[in-house]
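K.L.:
Got a structure for you, target01.pdb, holding PDB, C-alpha atoms.
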ATOM      1  CA  MET X   1     183.996  31.333 -49.967
ATOM      2  CA  PRO X   2     187.202  33.172 -51.003
ATOM      3  CA  LYS X   3     188.302  32.995 -54.596
ATOM      4  CA  VAL X   4     191.670  31.435 -55.276
ATOM      5  CA  PRO X   5     193.452  32.902 -58.275
ATOM      6  CA  PRO X   6     194.406  30.419 -60.986
ATOM      7  CA  PRO X   7     198.052  29.479 -61.183
ATOM      8  CA  SER X   8     199.995  32.020 -63.167
ATOM      9  CA  SER X   9     201.753  30.810 -66.301
ATOM     10  CA  SER X  10     204.593  33.181 -65.496
ATOM     11  CA  SER X  11     205.500  31.443 -62.243
ATOM     12  CA  PRO X  12     209.199  30.726 -61.787
ATOM     13  CA  ALA X  13     208.695  26.949 -61.899
ATOM     14  CA  ALA X  14     206.701  27.093 -65.143
ATOM     15  CA  THR X  15     209.004  29.405 -67.077
ATOM     16  CA  PRO X  16     212.495  29.548 -65.643
ATOM     17  CA  ASP X  17     214.552  32.580 -66.568
ATOM     18  CA  THR X  18     217.296  31.043 -68.683
ATOM     19  CA  GLY X  19     218.668  34.332 -69.957
ATOM     20  CA  PRO X  20     218.798  35.665 -73.482
ATOM     21  CA  LEU X  21     219.208  33.235 -76.346
ATOM     22  CA  PRO X  22     222.383  33.375 -78.416
ATOM     23  CA  ALA X  23     222.621  35.416 -81.599
ATOM     24  CA  SER X  24     223.437  32.441 -83.816
ATOM     25  CA  TYR X  25     223.161  28.670 -84.083
ATOM     26  CA  GLU X  26     226.935  28.340 -83.755
ATOM     27  CA  ALA X  27     227.018  30.391 -80.547
ATOM     28  CA  GLY X  28     224.157  28.339 -79.127
ATOM     29  CA  LEU X  29     225.844  25.065 -80.009
ATOM     30  CA  GLN X  30     229.126  26.199 -78.454
ATOM     31  CA  GLU X  31     227.403  27.215 -75.222
ATOM     32  CA  LEU X  32     225.452  23.954 -75.167
ATOM     33  CA  GLU X  33     228.643  21.909 -75.590
ATOM     34  CA  GLN X  34     230.256  23.838 -72.730
ATOM     35  CA  LEU X  35     227.228  23.236 -70.500
ATOM     36  CA  VAL X  36     227.261  19.513 -71.257
ATOM     37  CA  ALA X  37     230.945  19.309 -70.331
ATOM     38  CA  GLU X  38     230.246  21.105 -67.033
ATOM     39  CA  LEU X  39     227.295  18.826 -66.270
ATOM     40  CA  GLU X  40     229.311  15.702 -67.066
ATOM     41  CA  SER X  41     232.196  16.839 -64.865
ATOM     42  CA  GLY X  42     230.112  16.245 -61.747
ATOM     43  CA  GLN X  43     231.636  19.301 -60.098
ATOM     44  CA  LEU X  44     228.571  21.591 -60.065
ATOM     45  CA  PRO X  45     226.558  22.078 -56.866
ATOM     46  CA  LEU X  46     223.009  20.725 -56.946
ATOM     47  CA  ASP X  47     221.263  24.094 -57.364
ATOM     48  CA  GLN X  48     223.591  25.006 -60.248
ATOM     49  CA  LEU X  49     222.870  21.644 -61.887
ATOM     50  CA  LEU X  50     219.199  22.528 -62.181
ATOM     51  CA  VAL X  51     219.921  25.989 -63.599
ATOM     52  CA  SER X  52     222.412  24.538 -66.097
ATOM     53  CA  TYR X  53     219.971  21.812 -67.124
ATOM     54  CA  GLN X  54     217.239  24.395 -67.744
ATOM     55  CA  ARG X  55     219.623  26.566 -69.779
ATOM     56  CA  GLY X  56     220.696  23.504 -71.747
ATOM     57  CA  ALA X  57     217.091  22.617 -72.526
ATOM     58  CA  ALA X  58     216.464  26.183 -73.765
ATOM     59  CA  LEU X  59     219.613  26.089 -75.916
ATOM     60  CA  LEU X  60     218.684  22.693 -77.345
ATOM     61  CA  ALA X  61     215.240  23.972 -78.338
ATOM     62  CA  PHE X  62     216.836  27.081 -79.872
ATOM     63  CA  CYS X  63     219.295  25.016 -81.945
ATOM     64  CA  ARG X  64     216.578  22.605 -83.087
ATOM     65  CA  ASP X  65     214.379  25.515 -84.155
ATOM     66  CA  LYS X  66     217.245  27.085 -86.138
ATOM     67  CA  LEU X  67     217.993  23.786 -87.881
ATOM     68  CA  GLN X  68     214.326  23.246 -88.688
ATOM     69  CA  ALA X  69     214.047  26.747 -90.147
ATOM     70  CA  VAL X  70     217.024  26.121 -92.427
ATOM     71  CA  GLU X  71     215.647  22.744 -93.493
ATOM     72  CA  ASP X  72     212.299  24.372 -94.300
ATOM     73  CA  GLN X  73     214.045  27.015 -96.411
ATOM     74  CA  ILE X  74     215.969  24.345 -98.314
ATOM     75  CA  LYS X  75     212.747  22.466 -99.033
ATOM     76  CA  VAL X  76     211.206  25.643-100.449
ATOM     77  CA  LEU X  77     214.276  26.323-102.590
ATOM     78  CA  ASP X  78     214.217  22.765-103.932
ATOM     79  CA  SER X  79     210.490  23.002-104.728
ATOM     80  CA  GLY X  80     209.466  20.758-101.876
ATOM     81  CA  SER X  81     211.775  17.825-102.615
ATOM     82  CA  LEU X  82     215.217  17.432-101.135
ATOM     83  CA  LYS X  83     217.810  16.138-103.575
ATOM     84  CA  VAL X  84     220.404  13.570-102.624
ATOM     85  CA  TRP X  85     223.849  15.132-102.507
ATOM     86  CA  THR X  86     226.582  13.196-104.237
ATOM     87  CA  PRO X  87     230.208  14.310-104.170
ATOM     88  CA  GLU X  88     231.783  14.894-107.563
TER      89      GLU X  88
END
As structure tokens, how would this structure be written, given the file I've shared?
P.N.:
Amino acid sequence: MPKVPPPSSSSPAATPDTGPLPASYEAGLQELEQLVAELESGQLPLDQLLVSYQRGAALLAFCRDKLQAVEDQIKVLDSGSLKVWTPE
């Protein structure tokens, strides 16, 4: 009986190539906002919709990770307890 290789985790469907991530949170957010506008316009062909959606998902994860990292740093700086900000 021939052996069938297990599915590769690097298959195109499992890990789409969404390109390099942006250098900063702000750049990622700007690109994400632009992608959302393009998706909402309804003018993209079907195959481009999928690529844009995948890129958007990657950018969203990137931005969430950056925000979480900053929140974690703030918690450390405030000795584990966030303080309520009140304007003066």
K.L.:
Counting all atoms listed in the file, find the residues whose atoms lie at most 12 Å from (215.7, 26.3, -81.0) (file coordinates) and write them out as a list in words.
P.N.:
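Protein and nucleic acid residues near the point are Leu21, Pro22, Ala23, Ser24, Tyr25, Glu26, Gly28, Leu29, Leu32, Arg55, Gly56, Ala57, Ala58, Leu59, Leu60, Ala61, Phe62, Cys63, Arg64, Asp65, Lys66, Leu67, Gln68, Ala69 and Val70 of chain X.
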K.L.:
Using only C-alpha atoms, which of X:Ser52, X:Asp17, X:Glu71, X:Gln43 sits nearest Glu31 (chain X)?
P.N.:
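Checking each candidate against Glu31 (chain X), we get X:Ser52 as the closest.
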K.L.:
Would you place a box with edges along x, y and z of the file around all atoms of region 49-63 of chain X listed there, add 3 Å to each of its six sides, and report the centre and edge lengths in Å to one decimal, as AutoDock Vina command-line options?
P.N.:
--center_x 219.1 --center_y 24.4 --center_z -71.9 --size_x 13.6 --size_y 11.4 --size_z 26.1
K.L.:
In Å, with one decimal, what is the gap from CA of Thr18 (chain X) to CA of Asp72 (chain X)?
P.N.:
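Between CA of Thr18 (chain X) and CA of Asp72 (chain X) the gap works out to 26.9 Å.
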K.L.:
Could you work out how far CA of Gln73 (chain X) lies from CA of Thr86 (chain X), giving the answer in Å with one decimal?
P.N.:
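A separation of 20.2 Å between them.
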K.L.:
Quick check, in Å to one decimal: how far apart do CA of Asp47 (chain X) and CA of Gln34 (chain X) lie?
P.N.:
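About the pair CA of Asp47 (chain X) and CA of Gln34 (chain X): they are 17.8 Å apart.
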K.L.:
My structure is short of atoms at region 40-61 of chain X; please model N, CA and C atoms there, returning them as an mmCIF file, keeping the file's coordinate frame.
P.N.:
data_model
loop_
_atom_site.group_PDB
_atom_site.id
_atom_site.type_symbol
_atom_site.label_atom_id
_atom_site.label_comp_id
_atom_site.auth_asym_id
_atom_site.auth_seq_id
_atom_site.Cartn_x
_atom_site.Cartn_y
_atom_site.Cartn_z
ATOM 1 N N GLU X 40 228.676 17.014 -67.117
ATOM 2 C CA GLU X 40 229.311 15.702 -67.066
ATOM 3 C C GLU X 40 230.483 15.655 -66.093
ATOM 4 N N SER X 41 231.047 16.811 -65.775
ATOM 5 C CA SER X 41 232.196 16.839 -64.865
ATOM 6 C C SER X 41 231.814 16.407 -63.452
ATOM 7 N N GLY X 42 230.556 16.600 -63.089
ATOM 8 C CA GLY X 42 230.112 16.245 -61.747
ATOM 9 C C GLY X 42 230.578 17.199 -60.672
ATOM 10 N N GLN X 43 231.075 18.355 -61.054
ATOM 11 C CA GLN X 43 231.636 19.301 -60.098
ATOM 12 C C GLN X 43 230.687 20.439 -59.731
ATOM 13 N N LEU X 44 229.504 20.491 -60.343
ATOM 14 C CA LEU X 44 228.571 21.591 -60.065
ATOM 15 C C LEU X 44 227.742 21.279 -58.826
ATOM 16 N N PRO X 45 227.474 22.281 -57.993
ATOM 17 C CA PRO X 45 226.558 22.078 -56.866
ATOM 18 C C PRO X 45 225.144 21.797 -57.381
ATOM 19 N N LEU X 46 224.340 21.181 -56.550
ATOM 20 C CA LEU X 46 223.009 20.725 -56.946
ATOM 21 C C LEU X 46 222.142 21.840 -57.514
ATOM 22 N N ASP X 47 222.112 23.013 -56.873
ATOM 23 C CA ASP X 47 221.263 24.094 -57.364
ATOM 24 C C ASP X 47 221.743 24.601 -58.730
ATOM 25 N N GLN X 48 223.057 24.592 -58.952
ATOM 26 C CA GLN X 48 223.591 25.006 -60.248
ATOM 27 C C GLN X 48 223.296 23.964 -61.331
ATOM 28 N N LEU X 49 223.215 22.696 -60.934
ATOM 29 C CA LEU X 49 222.870 21.644 -61.887
ATOM 30 C C LEU X 49 221.503 21.904 -62.516
ATOM 31 N N LEU X 50 220.545 22.267 -61.692
ATOM 32 C CA LEU X 50 219.199 22.528 -62.181
ATOM 33 C C LEU X 50 219.179 23.721 -63.125
ATOM 34 N N VAL X 51 219.859 24.793 -62.752
ATOM 35 C CA VAL X 51 219.921 25.989 -63.599
ATOM 36 C C VAL X 51 220.595 25.658 -64.925
ATOM 37 N N SER X 52 221.696 24.906 -64.878
ATOM 38 C CA SER X 52 222.412 24.538 -66.097
ATOM 39 C C SER X 52 221.570 23.631 -66.976
ATOM 40 N N TYR X 53 220.842 22.704 -66.363
ATOM 41 C CA TYR X 53 219.971 21.812 -67.124
ATOM 42 C C TYR X 53 218.882 22.614 -67.838
ATOM 43 N N GLN X 54 218.284 23.573 -67.139
ATOM 44 C CA GLN X 54 217.239 24.395 -67.744
ATOM 45 C C GLN X 54 217.805 25.224 -68.892
ATOM 46 N N ARG X 55 218.985 25.791 -68.709
ATOM 47 C CA ARG X 55 219.623 26.566 -69.779
ATOM 48 C C ARG X 55 219.927 25.659 -70.974
ATOM 49 N N GLY X 56 220.411 24.462 -70.685
ATOM 50 C CA GLY X 56 220.696 23.504 -71.747
ATOM 51 C C GLY X 56 219.454 23.127 -72.534
ATOM 52 N N ALA X 57 218.345 22.946 -71.850
ATOM 53 C CA ALA X 57 217.091 22.617 -72.526
ATOM 54 C C ALA X 57 216.647 23.771 -73.433
ATOM 55 N N ALA X 58 216.818 25.008 -72.960
ATOM 56 C CA ALA X 58 216.464 26.183 -73.765
ATOM 57 C C ALA X 58 217.378 26.286 -74.993
ATOM 58 N N LEU X 59 218.673 26.032 -74.794
ATOM 59 C CA LEU X 59 219.613 26.089 -75.916
ATOM 60 C C LEU X 59 219.340 24.984 -76.934
ATOM 61 N N LEU X 60 219.001 23.799 -76.447
ATOM 62 C CA LEU X 60 218.684 22.693 -77.345
ATOM 63 C C LEU X 60 217.468 23.022 -78.207
ATOM 64 N N ALA X 61 216.432 23.575 -77.586
ATOM 65 C CA ALA X 61 215.240 23.972 -78.338
ATOM 66 C C ALA X 61 215.579 25.058 -79.361
#
